[in-house]
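Visitor: The following file, my_file_18.cif, comprises mmCIF, C-alpha atoms:
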data_query
#
loop_
_atom_site.label_atom_id
_atom_site.label_comp_id
_atom_site.auth_asym_id
_atom_site.auth_seq_id
_atom_site.Cartn_x
_atom_site.Cartn_y
_atom_site.Cartn_z
CA MET A 49 0.00 0.00 0.00
CA GLN A 50 1.30 3.48 -0.86
CA PRO A 51 2.00 5.93 1.96
CA MET A 52 -0.59 8.59 2.68
CA LEU A 53 -0.43 11.46 0.21
CA ARG A 54 0.93 14.54 1.94
CA ALA A 55 1.99 16.92 -0.82
CA VAL A 56 1.70 17.80 -4.50
CA LEU A 57 4.37 19.36 -6.71
CA VAL A 58 2.90 21.53 -9.47
CA ASP A 59 4.59 22.65 -12.68
CA VAL A 60 3.83 26.16 -13.96
CA GLY A 61 4.07 26.64 -17.74
CA GLY A 62 1.56 24.36 -19.47
CA THR A 63 0.04 23.37 -16.13
CA LEU A 64 -1.02 26.46 -14.15
CA TRP A 65 -0.78 28.93 -17.02
CA PRO A 66 0.14 28.80 -20.74
CA ASP A 67 3.52 27.35 -21.62
CA ARG A 68 5.10 30.41 -23.14
CA LEU A 69 7.65 32.87 -21.92
CA THR A 70 6.00 34.80 -19.10
CA GLY A 71 6.60 37.87 -21.18
CA GLN A 72 9.58 40.12 -21.61
CA PRO A 73 9.19 43.60 -20.23
CA PRO A 74 8.71 46.18 -22.97
CA ASP A 75 12.06 47.16 -24.41
CA ASP A 76 11.64 50.74 -23.21
CA ARG A 77 11.28 49.54 -19.61
CA CYS A 78 14.33 47.30 -19.87
CA LEU A 79 16.34 50.03 -21.55
CA ALA A 80 15.40 52.53 -18.85
CA GLN A 81 16.36 50.06 -16.12
CA LEU A 82 19.70 49.27 -17.77
CA ALA A 83 20.44 52.98 -18.30
CA ARG A 84 19.83 53.53 -14.58
CA LEU A 85 21.91 50.53 -13.50
CA LEU A 86 24.72 51.05 -16.03
CA PRO A 87 25.17 54.80 -16.59
CA GLY A 88 27.30 55.63 -19.59
CA VAL A 89 26.65 52.27 -21.28
CA GLU A 90 24.67 51.92 -24.51
CA PRO A 91 21.54 50.13 -23.19
CA ALA A 92 20.16 48.74 -26.48
CA GLN A 93 23.40 46.92 -27.32
CA THR A 94 23.64 45.62 -23.78
CA LEU A 95 20.06 44.35 -23.77
CA ALA A 96 20.53 42.52 -27.08
CA ALA A 97 23.75 40.89 -25.86
CA LEU A 98 22.20 39.74 -22.58
CA ARG A 99 19.17 38.24 -24.28
CA ALA A 100 21.38 36.47 -26.83
CA ALA A 101 23.52 35.00 -24.05
CA LEU A 102 20.43 33.72 -22.24
CA ARG A 103 19.07 32.11 -25.42
CA GLU A 104 22.37 30.31 -26.00
CA ASP A 105 22.39 28.98 -22.44
CA ASP A 106 18.78 27.75 -22.43
CA ASN A 107 19.61 24.05 -22.67
CA GLY A 108 21.05 21.28 -20.57
CA MET A 109 20.33 20.61 -16.93
CA VAL A 110 22.97 22.83 -15.29
CA GLN A 111 21.96 26.47 -14.89
CA ASN A 112 23.85 29.51 -13.63
CA THR A 113 22.01 32.51 -14.99
CA HIS A 114 24.02 35.06 -13.03
CA ALA A 115 27.31 33.64 -14.34
CA VAL A 116 25.96 33.74 -17.92
CA LEU A 117 24.93 37.38 -17.52
CA GLY A 118 28.21 38.24 -15.82
CA ARG A 119 30.25 36.77 -18.68
CA ALA A 120 28.11 38.58 -21.26
CA LEU A 121 28.68 41.88 -19.46
CA GLN A 122 32.40 41.14 -19.23
CA ARG A 123 32.57 40.57 -23.00
CA LEU A 124 31.04 44.01 -23.39
CA GLY A 125 33.73 45.49 -21.17
CA ILE A 126 31.28 46.20 -18.35
CA ALA A 127 32.61 45.45 -14.87
CA CYS A 128 29.86 44.44 -12.43
CA GLY A 129 29.78 42.97 -8.96
CA ASP A 130 27.52 40.10 -7.96
CA ALA A 131 24.83 42.43 -6.58
CA ASP A 132 24.86 44.44 -9.82
CA VAL A 133 24.35 41.29 -11.90
CA ILE A 134 21.37 40.31 -9.75
CA ASP A 135 19.84 43.75 -10.27
CA ILE A 136 20.38 43.46 -14.02
CA ARG A 137 18.76 40.00 -14.05
CA ARG A 138 15.74 41.45 -12.26
CA ALA A 139 15.52 44.21 -14.86
CA LEU A 140 15.02 41.49 -17.49
CA CYS A 141 12.17 39.88 -15.55
CA ALA A 142 8.58 40.95 -16.20
CA PRO A 143 5.69 40.43 -13.81
CA ALA A 144 3.42 37.63 -15.02
CA SER A 145 0.19 39.40 -14.12
CA PRO A 146 -1.76 40.81 -15.96
CA GLY A 147 0.09 39.43 -18.98
CA VAL A 148 -0.57 35.85 -17.90
CA SER A 149 -3.81 34.37 -16.60
CA LEU A 150 -4.22 31.09 -14.76
CA PHE A 151 -5.79 28.25 -16.72
CA PRO A 152 -9.47 27.60 -16.00
CA GLY A 153 -9.66 25.43 -12.90
CA ALA A 154 -6.16 26.30 -11.67
CA ARG A 155 -7.35 28.36 -8.72
CA GLU A 156 -9.89 25.69 -7.78
CA PHE A 157 -7.20 23.02 -8.03
CA LEU A 158 -4.93 24.90 -5.63
CA GLU A 159 -7.86 25.56 -3.30
CA ALA A 160 -8.67 21.84 -3.31
CA LEU A 161 -5.12 20.96 -2.26
CA ARG A 162 -5.46 23.31 0.68
CA ALA A 163 -8.89 21.90 1.59
CA LEU A 164 -7.45 18.37 1.48
CA ASP A 165 -4.64 19.48 3.82
CA LEU A 166 -1.99 18.76 1.18
CA ARG A 167 1.19 20.82 0.92
CA CYS A 168 1.74 22.50 -2.45
CA VAL A 169 5.12 23.26 -4.02
CA VAL A 170 5.43 25.07 -7.34
CA LEU A 171 8.33 23.68 -9.39
CA SER A 172 9.53 25.54 -12.47
CA ASN A 173 12.36 25.77 -15.00
CA VAL A 174 13.00 29.48 -15.57
CA GLN A 175 15.92 31.59 -16.73
CA VAL A 176 15.48 34.94 -15.02
CA ARG A 177 12.58 34.36 -12.62
CA GLY A 178 13.43 33.27 -9.10
CA ALA A 179 11.17 32.33 -6.22
CA ALA A 180 10.89 36.00 -5.19
CA GLU A 181 9.48 36.96 -8.59
CA TYR A 182 7.09 34.02 -8.60
CA TRP A 183 5.77 34.92 -5.14
CA ARG A 184 5.05 38.40 -6.50
CA ASP A 185 3.23 36.90 -9.47
CA PHE A 186 1.15 34.51 -7.37
CA ALA A 187 0.25 37.33 -4.98
CA ASP A 188 -0.89 39.44 -7.95
CA LEU A 189 -2.98 36.49 -9.19
CA GLY A 190 -4.50 35.99 -5.74
CA VAL A 191 -3.20 32.45 -5.09
CA ALA A 192 -0.02 32.97 -3.05
CA HIS A 193 -1.80 31.87 0.14
CA LEU A 194 -2.50 28.48 -1.48
CA ILE A 195 1.19 27.70 -2.11
CA ASP A 196 3.66 26.50 0.51
CA SER A 197 6.93 26.80 -1.40
CA VAL A 198 8.34 27.83 -4.78
CA VAL A 199 11.37 26.04 -6.24
CA THR A 200 12.96 27.34 -9.45
CA SER A 201 15.89 26.25 -11.55
CA LEU A 202 17.32 29.76 -11.20
CA ASP A 203 17.62 29.27 -7.44
CA VAL A 204 18.60 25.57 -7.45
CA GLY A 205 21.15 25.79 -10.27
CA PHE A 206 19.74 22.78 -12.12
CA ARG A 207 16.84 22.37 -14.52
CA LYS A 208 14.24 19.63 -14.53
CA PRO A 209 14.58 16.70 -15.12
CA HIS A 210 17.63 16.88 -12.84
CA PRO A 211 16.72 15.19 -9.54
CA ALA A 212 18.11 18.14 -7.57
CA MET A 213 15.00 20.13 -8.48
CA PHE A 214 12.67 17.50 -7.07
CA GLU A 215 14.85 16.89 -4.03
CA ALA A 216 14.85 20.63 -3.27
CA ALA A 217 11.04 20.65 -3.43
CA LEU A 218 10.75 17.65 -1.09
CA THR A 219 13.24 19.18 1.32
CA ALA A 220 11.31 22.46 1.37
CA ILE A 221 8.26 20.71 2.82
CA ASP A 222 10.04 17.85 4.61
CA CYS A 223 8.13 15.20 2.68
CA PRO A 224 9.34 11.82 1.35
CA ALA A 225 8.90 11.18 -2.37
CA ALA A 226 6.53 8.26 -1.77
CA ALA A 227 4.08 10.61 0.00
CA CYS A 228 4.15 13.13 -2.83
CA ALA A 229 2.55 13.47 -6.27
CA ILE A 230 3.45 15.66 -9.22
CA VAL A 231 1.15 17.40 -11.68
CA GLY A 232 2.86 18.52 -14.88
CA ASP A 233 2.63 18.62 -18.67
CA SER A 234 6.04 17.22 -19.65
CA GLU A 235 6.76 13.50 -19.73
CA ILE A 236 10.53 14.05 -19.74
CA LYS A 237 10.82 17.00 -17.35
CA ASP A 238 8.01 16.24 -14.89
CA ILE A 239 6.60 12.72 -15.05
CA GLU A 240 9.61 10.46 -15.62
CA PRO A 241 11.94 12.00 -13.01
CA ALA A 242 9.18 12.16 -10.39
CA ILE A 243 8.25 8.51 -10.88
CA ALA A 244 11.93 7.54 -10.74
CA LEU A 245 12.03 9.04 -7.24
CA GLY A 246 8.91 7.14 -6.20
CA MET A 247 6.20 9.79 -6.60
CA ARG A 248 2.74 9.42 -8.07
CA ALA A 249 2.21 11.43 -11.25
CA ILE A 250 -0.60 13.13 -13.14
CA ARG A 251 0.16 14.39 -16.63
CA VAL A 252 -1.97 17.28 -17.84
CA ALA A 253 -2.58 17.90 -21.55
CA ILE A 254 -4.26 21.30 -21.54
CA GLU A 255 -2.59 22.99 -24.51
CA GLU A 256 -1.87 19.84 -26.54
CA PRO A 257 -3.72 16.59 -27.35
CA PRO A 258 -3.32 13.81 -24.78
CA PRO A 259 -0.13 11.81 -25.39
CA PRO A 260 -0.54 8.35 -26.98
CA ARG A 261 1.51 6.87 -24.15
CA SER A 262 2.56 8.07 -20.72
CA GLY A 263 4.13 6.54 -17.66
CA ALA A 264 1.95 8.74 -15.46
CA HIS A 265 -0.57 7.18 -13.11
CA ALA A 266 -3.21 9.34 -14.81
CA VAL A 267 -3.47 11.59 -17.87
CA VAL A 268 -6.04 14.42 -17.82
CA ASN A 269 -7.20 17.22 -20.09
CA ASN A 270 -7.66 19.86 -17.41
CA LEU A 271 -7.02 20.66 -13.79
CA ALA A 272 -10.61 19.89 -12.79
CA GLU A 273 -9.90 16.25 -13.66
CA ALA A 274 -6.57 16.40 -11.83
CA ARG A 275 -8.37 17.75 -8.77
CA LEU A 276 -10.74 14.75 -8.75
CA ILE A 277 -7.87 12.28 -9.01
CA VAL A 278 -5.97 13.86 -6.14
CA ALA A 279 -9.18 13.78 -4.09
CA GLU A 280 -9.62 10.08 -4.91
CA TRP A 281 -6.07 9.31 -3.83
CA THR A 282 -6.58 11.20 -0.60
CA ALA A 283 -9.90 9.44 0.07
CA ALA A 284 -8.29 6.06 -0.58
CA ASN A 285 -5.64 6.89 2.00
CA ALA A 286 -8.30 7.84 4.53
CA SER A 287 -10.31 4.64 4.04
CA ALA A 288 -7.32 2.30 4.05
#
Show the structure stored in the file as structure tokens.
Guide:
Amino acid sequence: MQPMLRAVLVDVGGTLWPDRLTGQPPDDRCLAQLARLLPGVEPAQTLAALRAALREDDNGMVQNTHAVLGRALQRLGIACGDADVIDIRRALCAPASPGVSLFPGAREFLEALRALDLRCVVLSNVQVRGAAEYWRDFADLGVAHLIDSVVTSLDVGFRKPHPAMFEAALTAIDCPAAACAIVGDSEIKDIEPAIALGMRAIRVAIEEPPPPRSGAHAVVNNLAEARLIVAEWTAANASA
């Protein structure tokens, strides 16, 4: 018999909201921020170079965004300390709301986790968004109180499917993998690594047709269906 379900890890892009870049700030906002942070430097050239460096680095499982930005600035002859690089990274990061809306049923799904007394960890691969930016976004969207922890590849230094991402999420809520489930849209980045660690898995196919095959314990078309499955698992635990 499986251990009692205690927590759910939830992917963001393609699961809670559309799987697209959260949205770059308008160029004029970025340029103004860079001009303020780097006086005397041509901001348009700098912005183009930083974005190009991030695009080139957007692969593999190891991630060090601040090092990538630091090297790009160095190539431009711009000397920056660690704190300056962090400020520049933040200048490249746009708020998700109101540019991004939660999928239908996402709020109700998160509310159901709370009602079922399940911990909720948001788990996301992102280049310039850290947990602090995500907390801001979720507060703007009115769901921050339904989330217990946010784990991002920016903060961990590894991208899913690297196990370090999942281990960081489990550590954040002090929960063993066998007592945790994941809800995500990617077989390779979400489902397979979670199952390898011993979690239950629900694959969502909101933006794309359901996959012909999946190793997930369930495949659903929306978060309303995912909510019902999590409730069934929780009820089965209670009646066992």
Visitor: Spell out the residues picked by the PyMOL selection byres ((chain A and resi 53) around 12) here, as an mmCIF file with C-alpha atoms, in the frame of the given file.
Guide:
data_model
loop_
_atom_site.group_PDB
_atom_site.id
_atom_site.type_symbol
_atom_site.label_atom_id
_atom_site.label_comp_id
_atom_site.auth_asym_id
_atom_site.auth_seq_id
_atom_site.Cartn_x
_atom_site.Cartn_y
_atom_site.Cartn_z
ATOM 1 C CA MET A 49 0.000 0.000 0.000
ATOM 2 C CA GLN A 50 1.300 3.480 -0.860
ATOM 3 C CA PRO A 51 2.000 5.930 1.960
ATOM 4 C CA MET A 52 -0.590 8.590 2.680
ATOM 5 C CA ARG A 54 0.930 14.540 1.940
ATOM 6 C CA ALA A 55 1.990 16.920 -0.820
ATOM 7 C CA VAL A 56 1.700 17.800 -4.500
ATOM 8 C CA LEU A 57 4.370 19.360 -6.710
ATOM 9 C CA LEU A 161 -5.120 20.960 -2.260
ATOM 10 C CA LEU A 164 -7.450 18.370 1.480
ATOM 11 C CA ASP A 165 -4.640 19.480 3.820
ATOM 12 C CA LEU A 166 -1.990 18.760 1.180
ATOM 13 C CA ARG A 167 1.190 20.820 0.920
ATOM 14 C CA CYS A 168 1.740 22.500 -2.450
ATOM 15 C CA CYS A 223 8.130 15.200 2.680
ATOM 16 C CA PRO A 224 9.340 11.820 1.350
ATOM 17 C CA ALA A 225 8.900 11.180 -2.370
ATOM 18 C CA ALA A 226 6.530 8.260 -1.770
ATOM 19 C CA ALA A 227 4.080 10.610 0.000
ATOM 20 C CA CYS A 228 4.150 13.130 -2.830
ATOM 21 C CA ALA A 229 2.550 13.470 -6.270
ATOM 22 C CA ILE A 230 3.450 15.660 -9.220
ATOM 23 C CA MET A 247 6.200 9.790 -6.600
ATOM 24 C CA ARG A 248 2.740 9.420 -8.070
ATOM 25 C CA ALA A 249 2.210 11.430 -11.250
ATOM 26 C CA ILE A 277 -7.870 12.280 -9.010
ATOM 27 C CA VAL A 278 -5.970 13.860 -6.140
ATOM 28 C CA ALA A 279 -9.180 13.780 -4.090
ATOM 29 C CA GLU A 280 -9.620 10.080 -4.910
ATOM 30 C CA TRP A 281 -6.070 9.310 -3.830
ATOM 31 C CA THR A 282 -6.580 11.200 -0.600
ATOM 32 C CA ALA A 283 -9.900 9.440 0.070
ATOM 33 C CA ALA A 284 -8.290 6.060 -0.580
ATOM 34 C CA ASN A 285 -5.640 6.890 2.000
ATOM 35 C CA ALA A 286 -8.300 7.840 4.530
#
Visitor: Would you mind reading off the distance between atom CA of A:His210 and atom CA of A:Ala139, one decimal, in Å?
Guide: 27.5 Å
Visitor: Which residue out of A:Val110, A:Val133, A:Leu189, A:Val169 has the minimum interatomic distance to A:Glu215 when all atoms listed in the file are used?
Guide: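 Ranked by minimum distance to A:Glu215, first place goes to A:Val169.
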Visitor: Kindly resolve the PyMOL selection byres ((chain A and resi 193) around 12) on the present coordinates and return the residues as an NGL selection string.
Guide: :A and (155 or 158-159 or 161-162 or 167-169 or 183-192 or 194-198)
Visitor: One number please: atom CA of A:Phe157 to atom CA of A:Val204, in Å, one decimal.
Guide: 25.9 Å
Visitor: Go ahead and compute the interatomic distance for atom CA of A:Ala264 and atom CA of A:Pro66, in Å to one decimal.
Guide: 20.8 Å
Visitor: Return the single residue from A:Pro257, A:Pro211, A:Gly147, A:Gly125 that is closest to A:Ile239, with distances computed using only C-alpha atoms.
Guide: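 Among the listed residues, A:Pro211 lies closest to A:Ile239.
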Visitor: With N, CA and C atoms as the target, complete stretch 188-216 of chain A and hand it back as a short mmCIF file (atom, residue, chain, number, x, y, z; two decimals), keeping the file's coordinate frame.
Guide:
data_model
loop_
_atom_site.label_atom_id
_atom_site.label_comp_id
_atom_site.auth_asym_id
_atom_site.auth_seq_id
_atom_site.Cartn_x
_atom_site.Cartn_y
_atom_site.Cartn_z
N ASP A 188 -0.10 38.65 -7.02
CA ASP A 188 -0.89 39.44 -7.95
C ASP A 188 -2.10 38.66 -8.49
N LEU A 189 -1.91 37.35 -8.66
CA LEU A 189 -2.98 36.49 -9.19
C LEU A 189 -3.92 36.00 -8.10
N GLY A 190 -3.61 36.33 -6.84
CA GLY A 190 -4.50 35.99 -5.74
C GLY A 190 -4.43 34.56 -5.28
N VAL A 191 -3.30 33.86 -5.51
CA VAL A 191 -3.20 32.45 -5.09
C VAL A 191 -1.97 32.17 -4.22
N ALA A 192 -1.24 33.20 -3.83
CA ALA A 192 -0.02 32.97 -3.05
C ALA A 192 -0.31 32.23 -1.75
N HIS A 193 -1.46 32.50 -1.14
CA HIS A 193 -1.80 31.87 0.14
C HIS A 193 -2.10 30.38 0.00
N LEU A 194 -2.21 29.89 -1.24
CA LEU A 194 -2.50 28.48 -1.48
C LEU A 194 -1.24 27.68 -1.77
N ILE A 195 -0.09 28.33 -1.75
CA ILE A 195 1.19 27.70 -2.11
C ILE A 195 2.12 27.72 -0.91
N ASP A 196 2.77 26.59 -0.65
CA ASP A 196 3.66 26.50 0.51
C ASP A 196 5.10 26.84 0.18
N SER A 197 5.53 26.53 -1.04
CA SER A 197 6.93 26.80 -1.40
C SER A 197 7.04 26.93 -2.91
N VAL A 198 8.04 27.68 -3.35
CA VAL A 198 8.34 27.83 -4.78
C VAL A 198 9.79 27.44 -5.00
N VAL A 199 10.01 26.51 -5.92
CA VAL A 199 11.37 26.04 -6.24
C VAL A 199 11.61 26.29 -7.72
N THR A 200 12.65 27.04 -8.05
CA THR A 200 12.96 27.34 -9.45
C THR A 200 14.37 26.90 -9.80
N SER A 201 14.56 26.64 -11.08
CA SER A 201 15.89 26.25 -11.55
C SER A 201 16.89 27.38 -11.38
N LEU A 202 16.42 28.62 -11.43
CA LEU A 202 17.32 29.76 -11.20
C LEU A 202 17.95 29.67 -9.82
N ASP A 203 17.14 29.32 -8.82
CA ASP A 203 17.62 29.27 -7.44
C ASP A 203 18.39 27.98 -7.14
N VAL A 204 17.97 26.87 -7.74
CA VAL A 204 18.60 25.57 -7.45
C VAL A 204 19.91 25.41 -8.22
N GLY A 205 19.96 25.95 -9.45
CA GLY A 205 21.15 25.79 -10.27
C GLY A 205 21.09 24.59 -11.19
N PHE A 206 19.97 23.91 -11.21
CA PHE A 206 19.74 22.78 -12.12
C PHE A 206 18.33 22.90 -12.68
N ARG A 207 18.15 22.38 -13.90
CA ARG A 207 16.84 22.37 -14.52
C ARG A 207 16.23 20.98 -14.44
N LYS A 208 14.91 20.92 -14.34
CA LYS A 208 14.24 19.63 -14.53
C LYS A 208 14.64 19.09 -15.90
N PRO A 209 14.90 17.81 -16.02
CA PRO A 209 14.58 16.70 -15.12
C PRO A 209 15.66 16.34 -14.09
N HIS A 210 16.60 17.21 -13.83
CA HIS A 210 17.63 16.88 -12.84
C HIS A 210 16.97 16.61 -11.49
N PRO A 211 17.36 15.52 -10.82
CA PRO A 211 16.72 15.19 -9.54
C PRO A 211 16.89 16.24 -8.46
N ALA A 212 17.90 17.10 -8.59
CA ALA A 212 18.11 18.14 -7.57
C ALA A 212 16.90 19.06 -7.44
N MET A 213 16.20 19.29 -8.54
CA MET A 213 15.00 20.13 -8.48
C MET A 213 13.92 19.49 -7.61
N PHE A 214 13.71 18.21 -7.81
CA PHE A 214 12.67 17.50 -7.07
C PHE A 214 13.08 17.32 -5.61
N GLU A 215 14.36 17.05 -5.40
CA GLU A 215 14.85 16.89 -4.03
C GLU A 215 14.74 18.20 -3.25
N ALA A 216 14.99 19.32 -3.93
CA ALA A 216 14.85 20.63 -3.27
C ALA A 216 13.39 20.88 -2.88
#
